[in-house]
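Novice: So that you have it, the file is my_file27.pdb, and it contains PDB, C-alpha atoms:
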```pdb
ATOM      1  CA  MET A   1      26.389  65.255 -11.515  1.00  0.00           C
ATOM      2  CA  LYS A   2      24.496  62.007 -11.000  1.00  0.00           C
ATOM      3  CA  TYR A   3      25.467  60.812 -14.496  1.00  0.00           C
ATOM      4  CA  PHE A   4      29.108  61.681 -14.000  1.00  0.00           C
ATOM      5  CA  SER A   5      29.441  59.724 -10.770  1.00  0.00           C
ATOM      6  CA  ILE A   6      28.109  56.435 -12.199  1.00  0.00           C
ATOM      7  CA  PRO A   7      30.894  56.083 -14.807  1.00  0.00           C
ATOM      8  CA  VAL A   8      33.480  57.112 -12.227  1.00  0.00           C
ATOM      9  CA  ILE A   9      32.170  54.507  -9.781  1.00  0.00           C
ATOM     10  CA  MET A  10      32.168  51.872 -12.540  1.00  0.00           C
ATOM     11  CA  LEU A  11      35.738  52.781 -13.488  1.00  0.00           C
ATOM     12  CA  MET A  12      36.837  52.528  -9.859  1.00  0.00           C
ATOM     13  CA  ALA A  13      35.198  49.088  -9.593  1.00  0.00           C
ATOM     14  CA  VAL A  14      36.963  47.891 -12.744  1.00  0.00           C
ATOM     15  CA  LEU A  15      40.314  49.205 -11.506  1.00  0.00           C
ATOM     16  CA  ALA A  16      39.794  47.512  -8.138  1.00  0.00           C
ATOM     17  CA  ALA A  17      38.982  44.224  -9.888  1.00  0.00           C
ATOM     18  CA  CYS A  18      42.115  44.541 -12.046  1.00  0.00           C
ATOM     19  CA  GLU A  19      44.239  45.221  -8.973  1.00  0.00           C
ATOM     20  CA  LYS A  20      42.740  42.176  -7.213  1.00  0.00           C
ATOM     21  CA  LYS A  21      43.477  40.002 -10.283  1.00  0.00           C
ATOM     22  CA  ALA A  22      47.064  41.285 -10.344  1.00  0.00           C
ATOM     23  CA  GLU A  23      47.450  40.403  -6.645  1.00  0.00           C
ATOM     24  CA  GLN A  24      46.046  36.921  -7.294  1.00  0.00           C
ATOM     25  CA  THR A  25      48.507  36.466 -10.150  1.00  0.00           C
ATOM     26  CA  VAL A  26      51.430  37.438  -7.915  1.00  0.00           C
ATOM     27  CA  ASP A  27      50.106  35.191  -5.136  1.00  0.00           C
ATOM     28  CA  GLY A  28      49.813  32.277  -7.582  1.00  0.00           C
ATOM     29  CA  MET A  29      53.331  32.826  -8.875  1.00  0.00           C
ATOM     30  CA  SER A  30      54.675  33.129  -5.340  1.00  0.00           C
ATOM     31  CA  ALA A  31      52.926  29.951  -4.169  1.00  0.00           C
ATOM     32  CA  PHE A  32      54.265  28.042  -7.173  1.00  0.00           C
ATOM     33  CA  HIS A  33      57.758  29.436  -6.596  1.00  0.00           C
ATOM     34  CA  THR A  34      57.762  28.279  -2.980  1.00  0.00           C
ATOM     35  CA  VAL A  35      57.043  24.680  -3.981  1.00  0.00           C
ATOM     36  CA  MET A  36      59.366  24.907  -6.993  1.00  0.00           C
ATOM     37  CA  ALA A  37      62.235  26.082  -4.783  1.00  0.00           C
ATOM     38  CA  GLU A  38      61.605  23.312  -2.243  1.00  0.00           C
ATOM     39  CA  SER A  39      61.655  20.804  -5.111  1.00  0.00           C
ATOM     40  CA  TRP A  40      64.429  22.122  -7.345  1.00  0.00           C
ATOM     41  CA  HIS A  41      67.143  23.339  -4.987  1.00  0.00           C
ATOM     42  CA  PRO A  42      67.796  20.016  -3.215  1.00  0.00           C
ATOM     43  CA  VAL A  43      68.176  18.399  -6.651  1.00  0.00           C
ATOM     44  CA  GLY A  44      70.505  21.128  -7.896  1.00  0.00           C
ATOM     45  CA  ASP A  45      72.475  21.409  -4.670  1.00  0.00           C
ATOM     46  CA  SER A  46      72.985  17.758  -3.746  1.00  0.00           C
ATOM     47  CA  GLY A  47      71.053  15.523  -6.137  1.00  0.00           C
ATOM     48  CA  ASN A  48      68.363  14.897  -3.515  1.00  0.00           C
ATOM     49  CA  PHE A  49      65.127  14.098  -5.368  1.00  0.00           C
ATOM     50  CA  GLU A  50      63.072  13.176  -2.297  1.00  0.00           C
ATOM     51  CA  PRO A  51      61.538  16.645  -1.739  1.00  0.00           C
ATOM     52  CA  ALA A  52      60.685  16.932  -5.444  1.00  0.00           C
ATOM     53  CA  LYS A  53      59.054  13.505  -5.421  1.00  0.00           C
ATOM     54  CA  ARG A  54      57.114  14.279  -2.254  1.00  0.00           C
ATOM     55  CA  LEU A  55      55.927  17.633  -3.666  1.00  0.00           C
ATOM     56  CA  ALA A  56      55.157  16.498  -7.237  1.00  0.00           C
ATOM     57  CA  ALA A  57      51.357  16.603  -6.886  1.00  0.00           C
ATOM     58  CA  ASP A  58      51.513  19.898  -4.995  1.00  0.00           C
ATOM     59  CA  LEU A  59      53.703  21.390  -7.731  1.00  0.00           C
ATOM     60  CA  GLU A  60      51.129  20.449 -10.355  1.00  0.00           C
ATOM     61  CA  GLN A  61      48.261  21.849  -8.264  1.00  0.00           C
ATOM     62  CA  ARG A  62      50.105  25.145  -7.665  1.00  0.00           C
ATOM     63  CA  ALA A  63      50.638  25.483 -11.431  1.00  0.00           C
ATOM     64  CA  ARG A  64      46.911  24.913 -11.998  1.00  0.00           C
ATOM     65  CA  ASP A  65      46.017  27.430  -9.275  1.00  0.00           C
ATOM     66  CA  TRP A  66      48.389  30.004 -10.753  1.00  0.00           C
ATOM     67  CA  SER A  67      46.911  29.557 -14.207  1.00  0.00           C
ATOM     68  CA  ALA A  68      43.363  29.917 -12.873  1.00  0.00           C
ATOM     69  CA  ALA A  69      44.274  33.164 -11.094  1.00  0.00           C
ATOM     70  CA  VAL A  70      45.821  34.800 -14.142  1.00  0.00           C
ATOM     71  CA  GLY A  71      44.002  36.998 -16.612  1.00  0.00           C
ATOM     72  CA  ALA A  72      46.791  36.394 -19.084  1.00  0.00           C
ATOM     73  CA  ASP A  73      47.590  37.163 -22.679  1.00  0.00           C
ATOM     74  CA  ALA A  74      47.728  34.243 -25.125  1.00  0.00           C
ATOM     75  CA  GLU A  75      51.501  33.806 -24.803  1.00  0.00           C
ATOM     76  CA  THR A  76      51.407  33.627 -21.003  1.00  0.00           C
ATOM     77  CA  SER A  77      48.378  31.320 -21.040  1.00  0.00           C
ATOM     78  CA  ALA A  78      50.197  29.006 -23.435  1.00  0.00           C
ATOM     79  CA  ALA A  79      53.311  28.997 -21.240  1.00  0.00           C
ATOM     80  CA  LEU A  80      51.211  28.254 -18.151  1.00  0.00           C
ATOM     81  CA  ASN A  81      49.561  25.354 -19.999  1.00  0.00           C
ATOM     82  CA  VAL A  82      53.001  23.957 -20.856  1.00  0.00           C
ATOM     83  CA  LEU A  83      53.984  24.404 -17.209  1.00  0.00           C
ATOM     84  CA  ILE A  84      50.895  22.479 -16.076  1.00  0.00           C
ATOM     85  CA  ASP A  85      51.578  19.714 -18.612  1.00  0.00           C
ATOM     86  CA  SER A  86      55.215  19.479 -17.509  1.00  0.00           C
ATOM     87  CA  CYS A  87      54.205  19.323 -13.843  1.00  0.00           C
ATOM     88  CA  ALA A  88      51.639  16.608 -14.645  1.00  0.00           C
ATOM     89  CA  SER A  89      54.287  14.635 -16.555  1.00  0.00           C
ATOM     90  CA  PHE A  90      56.671  14.974 -13.626  1.00  0.00           C
ATOM     91  CA  ARG A  91      54.024  13.804 -11.156  1.00  0.00           C
ATOM     92  CA  LYS A  92      53.146  10.801 -13.331  1.00  0.00           C
ATOM     93  CA  ALA A  93      56.831   9.902 -13.748  1.00  0.00           C
ATOM     94  CA  VAL A  94      57.258   9.996  -9.972  1.00  0.00           C
ATOM     95  CA  GLU A  95      54.143   7.865  -9.453  1.00  0.00           C
ATOM     96  CA  ILE A  96      55.395   5.119 -11.766  1.00  0.00           C
ATOM     97  CA  GLY A  97      58.833   5.173 -10.176  1.00  0.00           C
ATOM     98  CA  LYS A  98      60.990   6.503 -12.989  1.00  0.00           C
ATOM     99  CA  PRO A  99      64.645   6.848 -11.958  1.00  0.00           C
ATOM    100  CA  ASP A 100      66.013  10.184 -10.845  1.00  0.00           C
ATOM    101  CA  SER A 101      68.084  10.487 -14.024  1.00  0.00           C
ATOM    102  CA  LEU A 102      64.841  10.575 -16.033  1.00  0.00           C
ATOM    103  CA  LEU A 103      63.117  12.961 -13.611  1.00  0.00           C
ATOM    104  CA  ARG A 104      65.807  15.632 -13.765  1.00  0.00           C
ATOM    105  CA  PRO A 105      65.104  16.853 -17.357  1.00  0.00           C
ATOM    106  CA  THR A 106      61.405  17.379 -16.642  1.00  0.00           C
ATOM    107  CA  LEU A 107      62.091  19.160 -13.367  1.00  0.00           C
ATOM    108  CA  ALA A 108      64.691  21.330 -15.125  1.00  0.00           C
ATOM    109  CA  GLU A 109      62.102  22.176 -17.797  1.00  0.00           C
ATOM    110  CA  ILE A 110      59.589  23.173 -15.104  1.00  0.00           C
ATOM    111  CA  HIS A 111      62.230  25.367 -13.472  1.00  0.00           C
ATOM    112  CA  HIS A 112      63.094  26.986 -16.824  1.00  0.00           C
ATOM    113  CA  ILE A 113      59.446  27.697 -17.716  1.00  0.00           C
ATOM    114  CA  PHE A 114      58.864  29.235 -14.291  1.00  0.00           C
ATOM    115  CA  HIS A 115      61.791  31.598 -14.723  1.00  0.00           C
ATOM    116  CA  LYS A 116      60.610  32.662 -18.181  1.00  0.00           C
ATOM    117  CA  LEU A 117      57.149  33.434 -16.762  1.00  0.00           C
ATOM    118  CA  HIS A 118      58.686  35.233 -13.778  1.00  0.00           C
ATOM    119  CA  GLU A 119      60.902  37.376 -16.028  1.00  0.00           C
ATOM    120  CA  LYS A 120      57.918  38.266 -18.211  1.00  0.00           C
ATOM    121  CA  ALA A 121      55.846  39.248 -15.170  1.00  0.00           C
ATOM    122  CA  GLU A 122      58.668  41.422 -13.825  1.00  0.00           C
ATOM    123  CA  SER A 123      59.145  43.136 -17.173  1.00  0.00           C
ATOM    124  CA  HIS A 124      55.426  43.968 -17.270  1.00  0.00           C
ATOM    125  CA  GLU A 125      55.533  45.331 -13.714  1.00  0.00           C
ATOM    126  CA  GLY A 126      58.529  47.492 -14.548  1.00  0.00           C
ATOM    127  CA  SER A 127      56.806  48.929 -17.602  1.00  0.00           C
ATOM    128  CA  GLY A 128      53.621  49.742 -15.700  1.00  0.00           C
ATOM    129  CA  HIS A 129      51.588  46.834 -17.092  1.00  0.00           C
ATOM    130  CA  HIS A 130      49.551  44.539 -14.841  1.00  0.00           C
TER     131      HIS A 130
END
```
Show me, as structure tokens, the structure contained in the file I just sent.
Specialist:
Amino acid sequence: MKYFSIPVIMLMAVLAACEKKAEQTVDGMSAFHTVMAESWHPVGDSGNFEPAKRLAADLEQRARDWSAAVGADAETSAALNVLIDSCASFRKAVEIGKPDSLLRPTLAEIHHIFHKLHEKAESHEGSGHH
């Protein structure tokens, strides 16, 4: 009985760690989405770039935090790296004062990448994957 309980306890610990990692991934995605929404929607709704400019560094940091929290497959890791690079490019463009017309394509790319990652995460949840 003693030998049986050790593997069961180890399995439970691994499952708990996987569940915690899945929660961190969702938290990272949610935190990024909050900043993304605060940045993107004013641009899309009324052309107001001020929130996006103000949140540019935070957007990049949230992408980095999300990536660090994810135990992802190669495809997701690659997409998160592109997201980080796009957020860094956006932040740098804001810092050097690029005009709004040149900021919009990068912000749109960030928004598009987020939605692709979000759709992938939802499809994995629906199929029982974490």
Novice: Please compute the CA of Gly44 (chain A)-CA of Trp66 (chain A) distance, one decimal, in Å.
Specialist: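 Computing the Euclidean distance for CA of Gly44 (chain A) and CA of Trp66 (chain A) yields 24.0 Å.
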Novice: Fewer than 5 positions away in the same chain doesn't count, so skip those; otherwise give me all residues within 12 Å of Phe114 (chain A), counting only C-alpha atoms, as a PyMOL selection string.
Specialist: chain A and resi 28-37+40+59+62-63+66-67+76+79-84+86-87+107-109+119-121
Novice: What's around Ala93 (chain A) at 12 Å? Count only C-alpha atoms, leave out sequence neighbours fewer than 2 positions away in its own chain, and write the answer as a list in words.
Specialist: Ala52, Lys53, Ala56, Ala57, Ser86, Cys87, Ala88, Ser89, Phe90, Arg91, Glu95, Ile96, Gly97, Lys98, Pro99, Asp100, Ser101, Leu102, Leu103, Arg104, Pro105, Thr106 and Leu107 of chain A
Novice: Which one is closest to Asp58 (chain A): A:Glu38, A:Ser123, A:Asp73, A:His118? Count only C-alpha atoms.
Specialist: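 Among the listed residues, A:Glu38 lies closest to Asp58 (chain A).
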Novice: Pick out the closest residue to Pro51 (chain A) from this set: A:Leu117, A:Val94, A:Ala74, A:Ile110. Count all atoms listed in the file.
Specialist: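 Closest to Pro51 (chain A) of all the choices is A:Val94.
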Novice: Box for region 74-92 of chain A - axis-aligned, 3 Å on each of the six sides, all listed atoms - centre and size in Å to one decimal, as JSON.
Specialist:
```
{"center_x": 52.2, "center_y": 22.5, "center_z": -18.1, "size_x": 14.9, "size_y": 29.4, "size_z": 20.0}
```
